[in-house]
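The next block is work.cif, given as mmCIF, N, CA and C atoms.
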```
data_coords
loop_
_atom_site.label_atom_id
_atom_site.label_comp_id
_atom_site.auth_asym_id
_atom_site.auth_seq_id
_atom_site.Cartn_x
_atom_site.Cartn_y
_atom_site.Cartn_z
N MET A 2 21.57 -2.61 83.98
CA MET A 2 20.44 -2.11 84.74
C MET A 2 19.15 -2.52 84.05
N GLU A 3 18.15 -2.81 84.86
CA GLU A 3 16.85 -3.19 84.33
C GLU A 3 15.80 -2.24 84.89
N ARG A 4 14.95 -1.70 84.03
CA ARG A 4 13.85 -0.84 84.46
C ARG A 4 12.57 -1.67 84.44
N ILE A 5 11.82 -1.62 85.54
CA ILE A 5 10.57 -2.36 85.64
C ILE A 5 9.48 -1.38 86.05
N GLY A 6 8.53 -1.14 85.18
CA GLY A 6 7.45 -0.20 85.46
C GLY A 6 6.35 -0.85 86.28
N LEU A 7 5.70 -0.06 87.12
CA LEU A 7 4.61 -0.57 87.94
C LEU A 7 3.49 -1.14 87.06
N SER A 8 3.29 -0.52 85.90
CA SER A 8 2.24 -1.00 85.00
C SER A 8 2.58 -2.38 84.40
N ASP A 9 3.85 -2.81 84.53
CA ASP A 9 4.26 -4.12 84.04
C ASP A 9 3.96 -5.23 85.04
N ARG A 10 3.50 -4.88 86.23
CA ARG A 10 3.29 -5.85 87.30
C ARG A 10 1.82 -5.95 87.66
N ASP A 11 1.41 -7.12 88.12
CA ASP A 11 0.04 -7.34 88.57
C ASP A 11 0.01 -7.50 90.08
N SER A 12 -1.02 -6.94 90.70
CA SER A 12 -1.24 -7.13 92.13
C SER A 12 -2.05 -8.41 92.32
N VAL A 13 -1.81 -9.06 93.46
CA VAL A 13 -2.60 -10.23 93.82
C VAL A 13 -3.22 -9.98 95.18
N GLU A 14 -4.42 -10.52 95.40
CA GLU A 14 -5.04 -10.45 96.71
C GLU A 14 -4.55 -11.67 97.48
N ALA A 15 -3.53 -11.46 98.33
CA ALA A 15 -2.87 -12.55 99.05
C ALA A 15 -3.81 -13.19 100.06
N VAL A 16 -4.48 -12.38 100.84
CA VAL A 16 -5.56 -12.78 101.75
C VAL A 16 -6.61 -11.69 101.62
N ASP A 17 -7.77 -11.88 102.22
CA ASP A 17 -8.85 -10.90 102.06
C ASP A 17 -8.37 -9.48 102.36
N ASP A 18 -8.57 -8.59 101.40
CA ASP A 18 -8.29 -7.15 101.55
C ASP A 18 -6.80 -6.82 101.72
N VAL A 19 -5.92 -7.73 101.31
CA VAL A 19 -4.47 -7.49 101.33
C VAL A 19 -3.95 -7.71 99.92
N TYR A 20 -3.39 -6.64 99.33
CA TYR A 20 -2.92 -6.69 97.95
C TYR A 20 -1.42 -6.52 97.93
N LEU A 21 -0.74 -7.42 97.21
CA LEU A 21 0.71 -7.41 97.11
C LEU A 21 1.11 -7.34 95.65
N THR A 22 2.14 -6.55 95.38
CA THR A 22 2.65 -6.43 94.02
C THR A 22 4.15 -6.69 94.06
N ALA A 23 4.57 -7.79 93.44
CA ALA A 23 6.00 -8.08 93.32
C ALA A 23 6.58 -7.09 92.32
N LEU A 24 7.60 -6.37 92.76
CA LEU A 24 8.21 -5.36 91.90
C LEU A 24 9.53 -5.92 91.35
N ALA A 25 10.64 -5.29 91.63
CA ALA A 25 11.93 -5.74 91.11
C ALA A 25 12.51 -6.84 91.99
N ALA A 26 13.33 -7.69 91.38
CA ALA A 26 14.07 -8.72 92.11
C ALA A 26 15.45 -8.86 91.49
N GLY A 27 16.44 -8.94 92.36
CA GLY A 27 17.82 -9.16 91.92
C GLY A 27 18.34 -10.47 92.48
N ASP A 28 19.65 -10.61 92.49
CA ASP A 28 20.27 -11.84 93.00
C ASP A 28 20.23 -11.93 94.52
N GLU A 29 20.19 -10.79 95.22
CA GLU A 29 20.31 -10.77 96.67
C GLU A 29 19.06 -10.29 97.41
N MET A 30 18.12 -9.66 96.71
CA MET A 30 16.94 -9.13 97.38
C MET A 30 15.80 -8.93 96.38
N SER A 31 14.59 -8.75 96.93
CA SER A 31 13.43 -8.44 96.09
C SER A 31 12.61 -7.34 96.75
N LEU A 32 11.81 -6.67 95.94
CA LEU A 32 11.03 -5.51 96.37
C LEU A 32 9.55 -5.79 96.11
N GLN A 33 8.71 -5.44 97.09
CA GLN A 33 7.27 -5.68 96.99
C GLN A 33 6.52 -4.48 97.54
N GLU A 34 5.45 -4.09 96.86
CA GLU A 34 4.54 -3.06 97.38
C GLU A 34 3.37 -3.78 98.04
N PHE A 35 2.86 -3.21 99.14
CA PHE A 35 1.71 -3.81 99.81
C PHE A 35 0.64 -2.77 100.07
N GLU A 36 -0.61 -3.26 100.16
CA GLU A 36 -1.77 -2.43 100.47
C GLU A 36 -2.70 -3.26 101.35
N LEU A 37 -3.04 -2.75 102.53
CA LEU A 37 -3.97 -3.41 103.43
C LEU A 37 -5.17 -2.51 103.64
N GLN A 38 -6.34 -2.99 103.28
CA GLN A 38 -7.57 -2.24 103.49
C GLN A 38 -7.90 -2.20 104.98
N PRO A 39 -8.72 -1.23 105.42
CA PRO A 39 -9.12 -1.18 106.83
C PRO A 39 -9.70 -2.51 107.29
N GLY A 40 -9.26 -2.98 108.44
CA GLY A 40 -9.73 -4.24 109.00
C GLY A 40 -9.00 -5.48 108.49
N ALA A 41 -8.11 -5.33 107.52
CA ALA A 41 -7.40 -6.48 106.95
C ALA A 41 -6.42 -7.07 107.96
N THR A 42 -6.27 -8.38 107.88
CA THR A 42 -5.35 -9.11 108.76
C THR A 42 -4.54 -10.11 107.96
N ILE A 43 -3.25 -10.11 108.18
CA ILE A 43 -2.37 -11.14 107.63
C ILE A 43 -2.08 -12.08 108.79
N PRO A 44 -2.49 -13.34 108.69
CA PRO A 44 -2.28 -14.27 109.80
C PRO A 44 -0.81 -14.44 110.15
N GLU A 45 -0.57 -14.85 111.37
CA GLU A 45 0.80 -15.08 111.83
C GLU A 45 1.47 -16.11 110.92
N HIS A 46 2.70 -15.82 110.53
CA HIS A 46 3.46 -16.68 109.64
C HIS A 46 4.95 -16.39 109.83
N ASP A 47 5.78 -17.18 109.21
CA ASP A 47 7.20 -16.87 109.17
C ASP A 47 7.75 -17.32 107.82
N HIS A 48 8.93 -16.84 107.50
CA HIS A 48 9.61 -17.20 106.27
C HIS A 48 11.11 -17.00 106.49
N PRO A 49 11.93 -17.66 105.71
CA PRO A 49 13.38 -17.55 105.93
C PRO A 49 13.98 -16.21 105.54
N HIS A 50 13.21 -15.38 104.85
CA HIS A 50 13.72 -14.10 104.34
C HIS A 50 13.76 -13.04 105.43
N GLU A 51 14.86 -12.29 105.49
CA GLU A 51 14.85 -11.06 106.29
C GLU A 51 13.93 -10.09 105.55
N GLN A 52 13.10 -9.36 106.30
CA GLN A 52 12.13 -8.45 105.70
C GLN A 52 12.33 -7.06 106.29
N ILE A 53 12.54 -6.10 105.41
CA ILE A 53 12.69 -4.71 105.81
C ILE A 53 11.62 -3.93 105.08
N GLY A 54 10.89 -3.07 105.80
CA GLY A 54 9.79 -2.37 105.17
C GLY A 54 9.67 -0.92 105.58
N PHE A 55 8.82 -0.22 104.84
CA PHE A 55 8.56 1.21 105.05
C PHE A 55 7.09 1.46 104.79
N VAL A 56 6.41 2.12 105.72
CA VAL A 56 5.01 2.49 105.56
C VAL A 56 4.95 3.95 105.11
N TYR A 57 4.33 4.21 103.96
CA TYR A 57 4.23 5.60 103.50
C TYR A 57 2.81 6.16 103.60
N GLU A 58 1.86 5.30 103.99
CA GLU A 58 0.49 5.79 104.18
C GLU A 58 -0.22 4.88 105.18
N GLY A 59 -0.81 5.46 106.23
CA GLY A 59 -1.57 4.69 107.20
C GLY A 59 -0.74 4.19 108.37
N GLU A 60 -1.29 3.20 109.07
CA GLU A 60 -0.66 2.66 110.27
C GLU A 60 -0.94 1.17 110.39
N LEU A 61 0.11 0.38 110.60
CA LEU A 61 0.01 -1.07 110.75
C LEU A 61 0.29 -1.48 112.18
N THR A 62 -0.29 -2.60 112.61
CA THR A 62 0.07 -3.20 113.89
C THR A 62 0.63 -4.58 113.60
N PHE A 63 1.91 -4.77 113.94
CA PHE A 63 2.55 -6.08 113.81
C PHE A 63 2.38 -6.81 115.13
N LEU A 64 2.14 -8.11 115.04
CA LEU A 64 2.06 -8.97 116.22
C LEU A 64 3.24 -9.92 116.13
N CYS A 65 4.22 -9.72 117.02
CA CYS A 65 5.45 -10.49 117.02
C CYS A 65 5.70 -11.04 118.41
N ASP A 66 5.72 -12.36 118.53
CA ASP A 66 5.99 -13.00 119.82
C ASP A 66 5.07 -12.47 120.92
N GLY A 67 3.80 -12.28 120.61
CA GLY A 67 2.83 -11.83 121.59
C GLY A 67 2.85 -10.34 121.88
N GLU A 68 3.71 -9.61 121.21
CA GLU A 68 3.82 -8.17 121.41
C GLU A 68 3.25 -7.42 120.21
N ALA A 69 2.44 -6.39 120.45
CA ALA A 69 1.91 -5.54 119.37
C ALA A 69 2.85 -4.35 119.17
N VAL A 70 3.27 -4.15 117.93
CA VAL A 70 4.16 -3.05 117.58
C VAL A 70 3.49 -2.24 116.48
N THR A 71 3.26 -0.95 116.73
CA THR A 71 2.60 -0.08 115.75
C THR A 71 3.64 0.62 114.89
N ILE A 72 3.42 0.56 113.58
CA ILE A 72 4.30 1.19 112.60
C ILE A 72 3.44 2.20 111.84
N GLY A 73 3.80 3.46 111.91
CA GLY A 73 3.01 4.51 111.27
C GLY A 73 3.68 5.08 110.04
N GLU A 74 3.01 6.03 109.43
CA GLU A 74 3.52 6.72 108.24
C GLU A 74 4.93 7.23 108.50
N GLY A 75 5.84 6.91 107.61
CA GLY A 75 7.22 7.36 107.74
C GLY A 75 8.10 6.44 108.57
N ASP A 76 7.51 5.39 109.16
CA ASP A 76 8.28 4.44 109.96
C ASP A 76 8.77 3.29 109.07
N SER A 77 9.90 2.73 109.47
CA SER A 77 10.41 1.53 108.82
C SER A 77 10.58 0.45 109.88
N TYR A 78 10.83 -0.78 109.44
CA TYR A 78 10.91 -1.91 110.35
C TYR A 78 11.82 -2.98 109.76
N VAL A 79 12.29 -3.86 110.65
CA VAL A 79 13.10 -5.00 110.25
C VAL A 79 12.54 -6.23 110.96
N ILE A 80 12.30 -7.29 110.21
CA ILE A 80 11.85 -8.56 110.76
C ILE A 80 12.89 -9.61 110.36
N PRO A 81 13.59 -10.19 111.34
CA PRO A 81 14.60 -11.20 111.00
C PRO A 81 13.97 -12.42 110.33
N GLY A 82 14.72 -13.08 109.48
CA GLY A 82 14.24 -14.32 108.87
C GLY A 82 13.91 -15.33 109.95
N GLY A 83 12.79 -16.02 109.77
CA GLY A 83 12.37 -17.04 110.72
C GLY A 83 11.53 -16.54 111.88
N GLN A 84 11.42 -15.22 112.07
CA GLN A 84 10.61 -14.69 113.17
C GLN A 84 9.13 -14.72 112.79
N SER A 85 8.32 -15.30 113.66
CA SER A 85 6.88 -15.35 113.43
C SER A 85 6.28 -13.95 113.60
N HIS A 86 5.37 -13.59 112.69
CA HIS A 86 4.75 -12.27 112.74
C HIS A 86 3.41 -12.29 112.01
N GLY A 87 2.49 -11.46 112.46
CA GLY A 87 1.22 -11.22 111.81
C GLY A 87 1.05 -9.72 111.69
N VAL A 88 0.08 -9.28 110.89
CA VAL A 88 -0.11 -7.85 110.65
C VAL A 88 -1.60 -7.54 110.62
N GLU A 89 -1.97 -6.40 111.19
CA GLU A 89 -3.36 -5.94 111.17
C GLU A 89 -3.42 -4.47 110.80
N ASN A 90 -4.45 -4.11 110.04
CA ASN A 90 -4.77 -2.71 109.82
C ASN A 90 -5.96 -2.42 110.72
N ARG A 91 -5.68 -1.83 111.88
CA ARG A 91 -6.73 -1.54 112.85
C ARG A 91 -7.37 -0.17 112.63
N GLY A 92 -6.88 0.56 111.65
CA GLY A 92 -7.38 1.91 111.38
C GLY A 92 -8.52 1.92 110.38
N ASP A 93 -8.87 3.13 109.97
CA ASP A 93 -9.96 3.28 109.01
C ASP A 93 -9.49 3.84 107.66
N VAL A 94 -8.17 3.78 107.42
CA VAL A 94 -7.62 4.17 106.13
C VAL A 94 -6.77 3.02 105.59
N THR A 95 -6.63 2.97 104.28
CA THR A 95 -5.79 1.96 103.64
C THR A 95 -4.33 2.22 104.00
N VAL A 96 -3.60 1.14 104.29
CA VAL A 96 -2.17 1.24 104.57
C VAL A 96 -1.41 0.82 103.32
N ARG A 97 -0.39 1.62 102.97
CA ARG A 97 0.44 1.32 101.81
C ARG A 97 1.91 1.41 102.22
N GLY A 98 2.70 0.52 101.64
CA GLY A 98 4.13 0.53 101.94
C GLY A 98 4.90 -0.37 101.00
N ILE A 99 6.17 -0.53 101.35
CA ILE A 99 7.13 -1.28 100.54
C ILE A 99 7.85 -2.27 101.46
N ASP A 100 8.09 -3.48 100.97
CA ASP A 100 8.89 -4.48 101.66
C ASP A 100 10.06 -4.89 100.79
N VAL A 101 11.21 -5.14 101.42
CA VAL A 101 12.37 -5.70 100.77
C VAL A 101 12.66 -7.04 101.45
N PHE A 102 12.89 -8.08 100.65
CA PHE A 102 13.18 -9.41 101.17
C PHE A 102 14.57 -9.86 100.72
N SER A 103 15.31 -10.45 101.65
CA SER A 103 16.60 -11.03 101.32
C SER A 103 16.74 -12.35 102.06
N PRO A 104 17.02 -13.44 101.37
CA PRO A 104 17.21 -13.55 99.92
C PRO A 104 15.91 -13.20 99.18
N PRO A 105 15.99 -13.07 97.87
CA PRO A 105 14.82 -12.65 97.10
C PRO A 105 13.63 -13.58 97.32
N ARG A 106 12.48 -12.98 97.35
CA ARG A 106 11.21 -13.72 97.43
C ARG A 106 10.50 -13.48 96.11
N THR A 107 10.91 -14.25 95.10
CA THR A 107 10.47 -13.96 93.73
C THR A 107 9.20 -14.67 93.33
N ASP A 108 8.87 -15.79 93.96
CA ASP A 108 7.67 -16.53 93.57
C ASP A 108 7.00 -17.09 94.82
N PRO A 109 6.57 -16.20 95.74
CA PRO A 109 5.99 -16.69 97.00
C PRO A 109 4.63 -17.33 96.77
N ASP A 110 4.31 -18.27 97.64
CA ASP A 110 2.97 -18.84 97.66
C ASP A 110 2.16 -17.94 98.59
N TRP A 111 1.42 -17.02 98.05
CA TRP A 111 0.73 -15.99 98.86
C TRP A 111 -0.25 -16.61 99.85
N ALA A 112 -0.73 -17.79 99.58
CA ALA A 112 -1.72 -18.41 100.47
C ALA A 112 -1.09 -19.01 101.72
N GLU A 113 0.25 -19.11 101.77
CA GLU A 113 0.90 -19.68 102.95
C GLU A 113 1.15 -18.63 104.00
#
```

Write the structure described by the file as C-alpha cells, please.
Amino acid sequence: MERIGLSDRDSVEAVDDVYLTALAAGDEMSLQEFELQPGATIPEHDHPHEQIGFVYEGELTFLCDGEAVTIGEGDSYVIPGGQSHGVENRGDVTVRGIDVFSPPRTDPDWAE
C-alpha cells in the first residue's frame, strides 16, 4: 500500500480558472481532484480514458454531443472513453470534485 498526502501534490491551472491535482495512480486507474471557479469553461475534448467523477461542492454543466447535463452536489457521472465532452461552471460558487480515469491518466498534457 502507498499513502499519498494532498500536501505532496501540486495543483496546475489546466485552463483559465480550472485547477487540477493529480492524486494517486495505480496500474489500472488514477485519481484527480478538480476545482472550477465561477464562469470557468473546459473546452470540448475527448480522451481514451473512461472517466468517472463525483461533485462534492457546486454544480457543473457537461456538454456532451450537443446535450447539456447538469451535475450537482452529491451527483456522480460516467463518461465513456472517446466521448467528446466539455464542462462549464455556470454558477457563482466554486465547483469541487474528484475524477477517476481508467486506464490511468498519470501524465496528461493539460493544455490539450

Check your understanding: Skipping near chain neighbours, those fewer than 3 positions away, what residues fall within 6 Å of region 76-78 of chain A using only N, CA and C atoms, listed as an NGL selection string?
Key -> :A and (52-56 or 72-73)

Picked residues, the PyMOL selection byres (((chain A and resi 92 and name CA) around 9) and name CA), expected as an MDAnalysis selection string: chainID A and resid 38:40 59:61 89:91 93:96

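Using all atoms listed in the file, the contacts of region 63-70 of chain A at a cut-off of 5 Å, with sequence neighbours closer than 4 positions omitted, comprise Ser85, His86, Gly87 and Val88 of chain A.
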
Would you mind exporting the chosen residues as an mmCIF file, in the coordinates of the input, restricted to N, CA and C atoms?
```cif
data_model
loop_
_atom_site.group_PDB
_atom_site.id
_atom_site.type_symbol
_atom_site.label_atom_id
_atom_site.label_comp_id
_atom_site.auth_asym_id
_atom_site.auth_seq_id
_atom_site.Cartn_x
_atom_site.Cartn_y
_atom_site.Cartn_z
ATOM 1 N N SER A 85 8.320 -15.300 113.660
ATOM 2 C CA SER A 85 6.880 -15.350 113.430
ATOM 3 C C SER A 85 6.280 -13.950 113.600
ATOM 4 N N HIS A 86 5.370 -13.590 112.690
ATOM 5 C CA HIS A 86 4.750 -12.270 112.740
ATOM 6 C C HIS A 86 3.410 -12.290 112.010
ATOM 7 N N GLY A 87 2.490 -11.460 112.460
ATOM 8 C CA GLY A 87 1.220 -11.220 111.810
ATOM 9 C C GLY A 87 1.050 -9.720 111.690
ATOM 10 N N VAL A 88 0.080 -9.280 110.890
ATOM 11 C CA VAL A 88 -0.110 -7.850 110.650
ATOM 12 C C VAL A 88 -1.600 -7.540 110.620
#
```

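Put simply, atom N of Asp28 (chain A) is 28.4 Å away from CA of Glu74 (chain A).
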
- Could you please give me, as a VMD selection string, the residues of protein, DNA or RNA lying at most 7 Å from (14.1, -9.0, 98.6) in the coordinate frame of the file, considering only N, CA and C atoms? chain A and resid 26 to 27 29 to 33 100 to 106

query = Could you write out, as a PyMOL selection string, all the residues of region 10-94 of chain A that DSSP marks as strand (DSSP E or B)?
reply = chain A and resi 12-16+19-26+31-37+42-46+51-58+60-65+68-73+77-80+86-89
